[in-house]
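Asker: Got a structure for you, work25.txt, holding compact mmCIF, C-alpha atoms and all ligand atoms.
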# COMPACT_ATOMS: atom_id res chain seq x y z
CA MET Q 1 10.33 -13.20 12.14
CA SER Q 2 7.89 -15.02 9.93
CA ILE Q 3 6.39 -14.63 6.51
CA LEU Q 4 2.64 -14.13 6.79
CA LYS Q 5 -0.12 -15.41 4.53
CA ILE Q 6 -1.58 -12.81 2.19
CA SER Q 7 -5.34 -12.32 2.06
CA HIS Q 8 -6.78 -12.28 -1.43
CA LEU Q 9 -9.63 -10.48 -3.16
CA GLY Q 10 -12.89 -11.83 -1.78
CA HIS Q 11 -11.63 -12.27 1.78
CA PRO Q 12 -13.91 -10.17 4.03
CA VAL Q 13 -10.93 -8.76 6.00
CA LEU Q 14 -10.00 -6.70 2.93
CA ARG Q 15 -13.40 -4.98 2.99
CA LYS Q 16 -13.52 -4.14 6.68
CA LYS Q 17 -12.58 -0.76 8.11
CA THR Q 18 -9.62 -1.27 10.43
CA LYS Q 19 -9.40 -0.42 14.10
CA ASP Q 20 -7.01 2.28 15.24
CA LEU Q 21 -4.41 1.24 17.78
CA THR Q 22 -3.89 2.72 21.22
CA LEU Q 23 -0.35 3.62 22.18
CA ALA Q 24 -0.29 0.70 24.63
CA GLU Q 25 -1.42 -1.72 21.92
CA LEU Q 26 1.20 -0.40 19.51
CA LYS Q 27 3.96 -0.90 22.06
CA SER Q 28 2.89 -4.46 22.90
CA PRO Q 29 5.21 -7.29 21.81
CA LEU Q 30 2.34 -8.76 19.78
CA ILE Q 31 1.96 -5.67 17.57
CA GLN Q 32 5.71 -5.06 17.35
CA LYS Q 33 6.09 -8.64 16.12
CA LEU Q 34 3.25 -8.12 13.62
CA ILE Q 35 5.13 -5.11 12.22
CA ASP Q 36 8.38 -7.12 11.98
CA ASP Q 37 6.52 -9.92 10.23
CA MET Q 38 4.86 -7.46 7.83
CA VAL Q 39 8.33 -6.17 6.88
CA GLU Q 40 9.54 -9.72 6.32
CA THR Q 41 6.43 -10.47 4.25
CA LEU Q 42 6.80 -7.30 2.14
CA HIS Q 43 10.38 -8.28 1.34
CA GLU Q 44 9.46 -11.90 0.59
CA PHE Q 45 6.85 -10.85 -1.97
CA ASP Q 46 8.92 -7.97 -3.33
CA GLY Q 47 6.16 -5.45 -2.72
CA VAL Q 48 6.36 -1.70 -2.20
CA GLY Q 49 3.60 -1.52 0.39
CA LEU Q 50 1.58 -3.73 2.69
CA ALA Q 51 -1.42 -3.00 4.89
CA ALA Q 52 -2.33 -5.11 7.92
CA PRO Q 53 -5.63 -6.40 6.43
CA GLN Q 54 -3.53 -7.98 3.69
CA VAL Q 55 -2.08 -10.27 6.35
CA HIS Q 56 -5.53 -10.91 7.89
CA GLU Q 57 -5.14 -8.31 10.67
CA SER Q 58 -7.83 -5.63 10.76
CA LYS Q 59 -5.56 -3.01 12.30
CA SER Q 60 -4.55 0.48 11.16
CA ILE Q 61 -0.98 -0.28 10.15
CA VAL Q 62 0.71 0.10 6.78
CA ILE Q 63 4.32 -0.30 5.77
CA MET Q 64 5.97 1.04 2.64
CA GLU Q 65 9.39 0.78 1.09
CA TYR Q 66 10.77 1.50 -2.34
CA ILE Q 67 14.45 1.12 -3.05
CA GLU Q 68 15.74 1.68 -6.54
CA GLU Q 69 17.34 -1.47 -7.88
CA PRO Q 70 18.31 -2.77 -11.29
CA GLY Q 71 15.08 -3.75 -13.02
CA ARG Q 72 13.01 -1.29 -11.01
CA LYS Q 73 12.00 2.11 -12.27
CA SER Q 74 13.76 5.24 -11.14
CA ARG Q 75 11.15 6.78 -8.87
CA GLY Q 76 13.15 7.93 -5.89
CA ASP Q 77 13.86 5.89 -2.79
CA MET Q 78 11.31 5.65 -0.03
CA PRO Q 79 13.02 4.20 3.04
CA LEU Q 80 11.09 1.63 5.07
CA THR Q 81 8.22 3.57 6.62
CA VAL Q 82 5.68 2.31 9.14
CA LEU Q 83 2.44 4.29 9.44
CA VAL Q 84 0.11 3.60 12.36
CA ASN Q 85 -3.38 5.17 12.41
CA PRO Q 86 -2.56 7.25 9.32
CA VAL Q 87 -4.69 10.18 8.20
CA VAL Q 88 -4.21 11.30 4.61
CA THR Q 89 -5.01 14.77 3.31
CA PRO Q 90 -4.78 15.58 -0.41
CA LEU Q 91 -2.62 18.65 -1.01
CA SER Q 92 -3.69 18.98 -4.61
CA ASP Q 93 -6.94 18.53 -6.51
CA ASP Q 94 -4.88 17.33 -9.45
CA LYS Q 95 -5.04 13.63 -10.16
CA GLN Q 96 -2.85 11.50 -12.33
CA GLU Q 97 -3.43 7.97 -13.58
CA SER Q 98 -0.81 5.28 -13.20
CA TRP Q 99 -0.68 1.50 -13.22
CA GLU Q 100 -1.27 -0.16 -9.87
CA GLY Q 101 -1.15 -3.67 -8.59
CA CYS Q 102 -1.78 -5.27 -5.23
CA LEU Q 103 -0.44 -8.38 -3.50
CA SER Q 104 -4.07 -9.20 -2.65
CA ILE Q 105 -5.05 -9.16 -6.34
CA PRO Q 106 -2.15 -11.15 -7.81
CA ASP Q 107 -0.93 -10.67 -11.38
CA ILE Q 108 -3.48 -7.94 -12.17
CA ARG Q 109 -2.82 -4.33 -13.03
CA GLY Q 110 -5.09 -1.38 -13.68
CA LYS Q 111 -4.85 2.34 -14.22
CA VAL Q 112 -5.93 4.34 -11.19
CA PRO Q 113 -6.26 8.12 -10.79
CA ARG Q 114 -4.69 9.44 -7.58
CA HIS Q 115 -4.00 12.83 -6.06
CA THR Q 116 -0.57 13.99 -7.18
CA LYS Q 117 0.35 15.38 -3.78
CA VAL Q 118 -0.70 14.24 -0.32
CA GLN Q 119 0.18 14.68 3.31
CA VAL Q 120 -0.06 11.88 5.83
CA LYS Q 121 -0.01 12.17 9.61
CA ALA Q 122 0.57 9.03 11.61
CA TRP Q 123 2.52 7.40 14.39
CA ASP Q 124 5.71 5.57 13.60
CA ARG Q 125 6.17 2.09 15.09
CA ASN Q 126 7.23 3.64 18.41
CA GLY Q 127 4.23 5.95 18.64
CA LYS Q 128 6.13 9.06 17.62
CA GLU Q 129 4.04 11.48 15.54
CA ILE Q 130 5.21 11.87 11.98
CA THR Q 131 4.04 14.00 9.08
CA LEU Q 132 5.06 13.12 5.54
CA LYS Q 133 4.45 14.97 2.31
CA ALA Q 134 4.72 13.00 -0.89
CA THR Q 135 4.25 13.43 -4.61
CA GLY Q 136 4.12 11.14 -7.63
CA PHE Q 137 4.74 7.44 -7.08
CA HIS Q 138 5.27 7.85 -3.34
CA ALA Q 139 1.91 9.62 -3.08
CA VAL Q 140 0.33 6.73 -5.00
CA ILE Q 141 1.74 4.18 -2.54
CA ILE Q 142 0.44 6.17 0.44
CA GLN Q 143 -3.07 6.46 -1.06
CA HIS Q 144 -3.18 2.80 -2.12
CA GLU Q 145 -2.01 1.45 1.23
CA THR Q 146 -4.13 3.71 3.42
CA ASP Q 147 -7.18 2.85 1.27
CA HIS Q 148 -6.72 -0.75 2.46
CA LEU Q 149 -7.46 0.46 6.01
CA LYS Q 150 -10.85 1.75 4.77
CA GLY Q 151 -11.65 -1.51 3.02
CA ILE Q 152 -11.01 0.07 -0.38
CA LEU Q 153 -9.06 -1.70 -3.14
CA PHE Q 154 -7.44 -0.10 -6.17
CA ILE Q 155 -10.03 -1.61 -8.50
CA ASP Q 156 -12.68 0.46 -6.66
CA ARG Q 157 -10.79 3.62 -7.59
CA MET Q 158 -10.50 2.85 -11.30
CA GLU Q 159 -12.54 5.17 -13.49
CA ASP Q 160 -12.30 2.99 -16.55
CA MET Q 161 -12.21 -0.77 -16.05
CA LYS Q 162 -11.00 -1.22 -19.61
CA SER Q 163 -7.38 -0.88 -18.49
CA LEU Q 164 -7.72 -3.89 -16.15
CA THR Q 165 -5.18 -6.41 -17.36
CA PHE Q 166 -3.15 -9.42 -16.41
CA LEU Q 167 0.50 -8.57 -15.83
CA LYS Q 168 1.58 -10.93 -18.60
CA GLU Q 169 -0.67 -9.21 -21.12
CA LEU Q 170 0.43 -5.79 -19.88
CA ALA Q 171 4.04 -6.77 -20.53
CA ARG Q 172 3.04 -7.97 -23.96
CA TYR Q 173 0.62 -5.27 -25.13
CA GLY Q 174 0.68 -2.39 -22.67
CA LEU Q 175 3.07 -0.01 -24.27
CA ASP Q 176 1.76 3.23 -22.79
CA GLU Q 177 2.92 2.79 -19.23
CA GLU Q 178 3.10 6.20 -17.54
NI NI Z 201 -2.76 -3.32 -2.12
Turn the structure described in the file into structure tokens.

Answerer:
Amino acid sequence: MSILKISHLGHPVLRKKTKDLTLAELKSPLIQKLIDDMVETLHEFDGVGLAAPQVHESKSIVIMEYIEEPGRKSRGDMPLTVLVNPVVTPLSDDKQESWEGCLSIPDIRGKVPRHTKVQVKAWDRNGKEITLKATGFHAVIIQHETDHLKGILFIDRMEDMKSLTFLKELARYGLDEE
């Protein structure tokens, strides 16, 4: 497995709509290796989610994982999940704002409103159909990561740019987290 290079804000791949995979493509060694490498890359950079465009691949793949550890907030574990060709449906009109960051926009955070409850239908890495329902932080991860496949970044979803902050300044002055 290898650690992949992360694409950063301004790279056109982050603004392109991704291509859905066929079952045959998904099962190819090339794509299976890409998924393995994305997992390795997510772990290397200590992220909670990664979309293929963030590793310069315009393909409809996202991975997510959140494991509670010392120093991380208690938000419920999300085991490693691979979503291929995901389709997200909001299950609530309610939105809630929370701080988001992105490996493609390093050291920046901003408050983003997201649906509080969503459903996502996708294939897993073997092409098996899965349906997930999620709320709260897990719903935020799903919406953030699947937005990447539409060429949308979290800063596009912010309603008030005034919360945009460097992580260092957030740690120093941002006392109203969640
Ligand atoms: Ni992101």

Asker: For CA of Thr116 (chain Q) and CA of Gln143 (chain Q), quote the distance in Å rounded to one decimal.

Answerer: 10.0 Å

Asker: Select, counting all atoms listed in the file, all protein, DNA and RNA residues no farther than 8 Å from (2.5, 11.8, -6.3) in file coordinates, and express the selection as an NGL selection string.

Answerer: :Q and (114-118 or 134-140)

Asker: Which is closer to ligand NI 201 (chain Z) than all the others in Q:Ile142, Q:Leu149, Q:Val82, Q:Leu103, using only C-alpha atoms and all ligand atoms?

Answerer: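 Of Q:Ile142, Q:Leu149, Q:Val82, Q:Leu103, the one nearest ligand NI 201 (chain Z) is Q:Leu103, counting only C-alpha atoms and all ligand atoms.
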
Asker: Dump the neighbourhood of ligand NI 201 (chain Z) as an mmCIF file with C-alpha atoms, in the frame of the given file: all residues within 12 Å, distances computed on only C-alpha atoms and all ligand atoms.

Answerer:
data_model
loop_
_atom_site.group_PDB
_atom_site.id
_atom_site.type_symbol
_atom_site.label_atom_id
_atom_site.label_comp_id
_atom_site.auth_asym_id
_atom_site.auth_seq_id
_atom_site.Cartn_x
_atom_site.Cartn_y
_atom_site.Cartn_z
ATOM 1 C CA ILE Q 6 -1.580 -12.810 2.190
ATOM 2 C CA SER Q 7 -5.340 -12.320 2.060
ATOM 3 C CA HIS Q 8 -6.780 -12.280 -1.430
ATOM 4 C CA LEU Q 9 -9.630 -10.480 -3.160
ATOM 5 C CA LEU Q 14 -10.000 -6.700 2.930
ATOM 6 C CA ARG Q 15 -13.400 -4.980 2.990
ATOM 7 C CA LEU Q 42 6.800 -7.300 2.140
ATOM 8 C CA GLY Q 47 6.160 -5.450 -2.720
ATOM 9 C CA VAL Q 48 6.360 -1.700 -2.200
ATOM 10 C CA GLY Q 49 3.600 -1.520 0.390
ATOM 11 C CA LEU Q 50 1.580 -3.730 2.690
ATOM 12 C CA ALA Q 51 -1.420 -3.000 4.890
ATOM 13 C CA ALA Q 52 -2.330 -5.110 7.920
ATOM 14 C CA PRO Q 53 -5.630 -6.400 6.430
ATOM 15 C CA GLN Q 54 -3.530 -7.980 3.690
ATOM 16 C CA VAL Q 55 -2.080 -10.270 6.350
ATOM 17 C CA VAL Q 62 0.710 0.100 6.780
ATOM 18 C CA ILE Q 63 4.320 -0.300 5.770
ATOM 19 C CA MET Q 64 5.970 1.040 2.640
ATOM 20 C CA GLU Q 100 -1.270 -0.160 -9.870
ATOM 21 C CA GLY Q 101 -1.150 -3.670 -8.590
ATOM 22 C CA CYS Q 102 -1.780 -5.270 -5.230
ATOM 23 C CA LEU Q 103 -0.440 -8.380 -3.500
ATOM 24 C CA SER Q 104 -4.070 -9.200 -2.650
ATOM 25 C CA ILE Q 105 -5.050 -9.160 -6.340
ATOM 26 C CA PRO Q 106 -2.150 -11.150 -7.810
ATOM 27 C CA ASP Q 107 -0.930 -10.670 -11.380
ATOM 28 C CA ILE Q 108 -3.480 -7.940 -12.170
ATOM 29 C CA ARG Q 109 -2.820 -4.330 -13.030
ATOM 30 C CA GLY Q 110 -5.090 -1.380 -13.680
ATOM 31 C CA VAL Q 140 0.330 6.730 -5.000
ATOM 32 C CA ILE Q 141 1.740 4.180 -2.540
ATOM 33 C CA ILE Q 142 0.440 6.170 0.440
ATOM 34 C CA GLN Q 143 -3.070 6.460 -1.060
ATOM 35 C CA HIS Q 144 -3.180 2.800 -2.120
ATOM 36 C CA GLU Q 145 -2.010 1.450 1.230
ATOM 37 C CA THR Q 146 -4.130 3.710 3.420
ATOM 38 C CA ASP Q 147 -7.180 2.850 1.270
ATOM 39 C CA HIS Q 148 -6.720 -0.750 2.460
ATOM 40 C CA LEU Q 149 -7.460 0.460 6.010
ATOM 41 C CA LYS Q 150 -10.850 1.750 4.770
ATOM 42 C CA GLY Q 151 -11.650 -1.510 3.020
ATOM 43 C CA ILE Q 152 -11.010 0.070 -0.380
ATOM 44 C CA LEU Q 153 -9.060 -1.700 -3.140
ATOM 45 C CA PHE Q 154 -7.440 -0.100 -6.170
ATOM 46 C CA ILE Q 155 -10.030 -1.610 -8.500
ATOM 47 C CA ASP Q 156 -12.680 0.460 -6.660
ATOM 48 C CA ARG Q 157 -10.790 3.620 -7.590
#

Asker: Taking all atoms listed in the file into account, which of Q:Gln32, Q:Gln119, Q:Ser60, Q:Thr41 comes nearest Pro90 (chain Q)?

Answerer: Q:Gln119

Asker: With a distance cut-off of 9 Å and all atoms listed in the file, select the neighbouring residues of Asn85 (chain Q), excluding the residue or stretch itself and same-chain residues fewer than 2 positions from it, and output the selection as a VMD selection string.

Answerer: chain Q and resid 19 to 21 59 to 62 83 87 121 to 123 149

Asker: Kindly give the distance, in Å, that separates CA of Leu23 (chain Q) and CA of Ser58 (chain Q), rounded to a single decimal.

Answerer: 16.5 Å

Asker: Which residue, Q:Val112, Q:His11, Q:Pro86, Q:Asp93, has the smallest gap to Asp124 (chain Q) when you use all atoms listed in the file?

Answerer: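 Looking at the shortest contact to Asp124 (chain Q), the residue is Q:Pro86.
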
Asker: Report the distance between CA of Phe45 (chain Q) and CA of Leu30 (chain Q) in Å, rounded to one decimal place.

Answerer: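 Going from CA of Phe45 (chain Q) over to CA of Leu30 (chain Q), I get 22.3 Å.
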
Asker: With distances taken over only C-alpha atoms, which residue among Q:Ala24, Q:Ile3, Q:Val120, Q:Leu170 lies nearest Lys133 (chain Q)?

Answerer: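 Among the listed residues, the smallest separation from Lys133 (chain Q) belongs to Q:Val120.
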
Asker: Smallest atom-to-atom distance to Glu57 (chain Q): which of Q:Pro113, Q:Pro29, Q:Gly174, Q:Pro12, using all atoms listed in the file?

Answerer: Q:Pro12

Asker: Identify the residues around (14.5, 0.2, 4.4) within a radius of 10 Å, measuring from all atoms listed in the file in the coordinates stated by the file, and give them as a list of chain:residue names.

Answerer: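 With a cut-off of 10 Å, the residues come to Q:Val39, Q:His43, Q:Met64, Q:Glu65, Q:Tyr66, Q:Ile67, Q:Asp77, Q:Met78, Q:Pro79, Q:Leu80, Q:Thr81.
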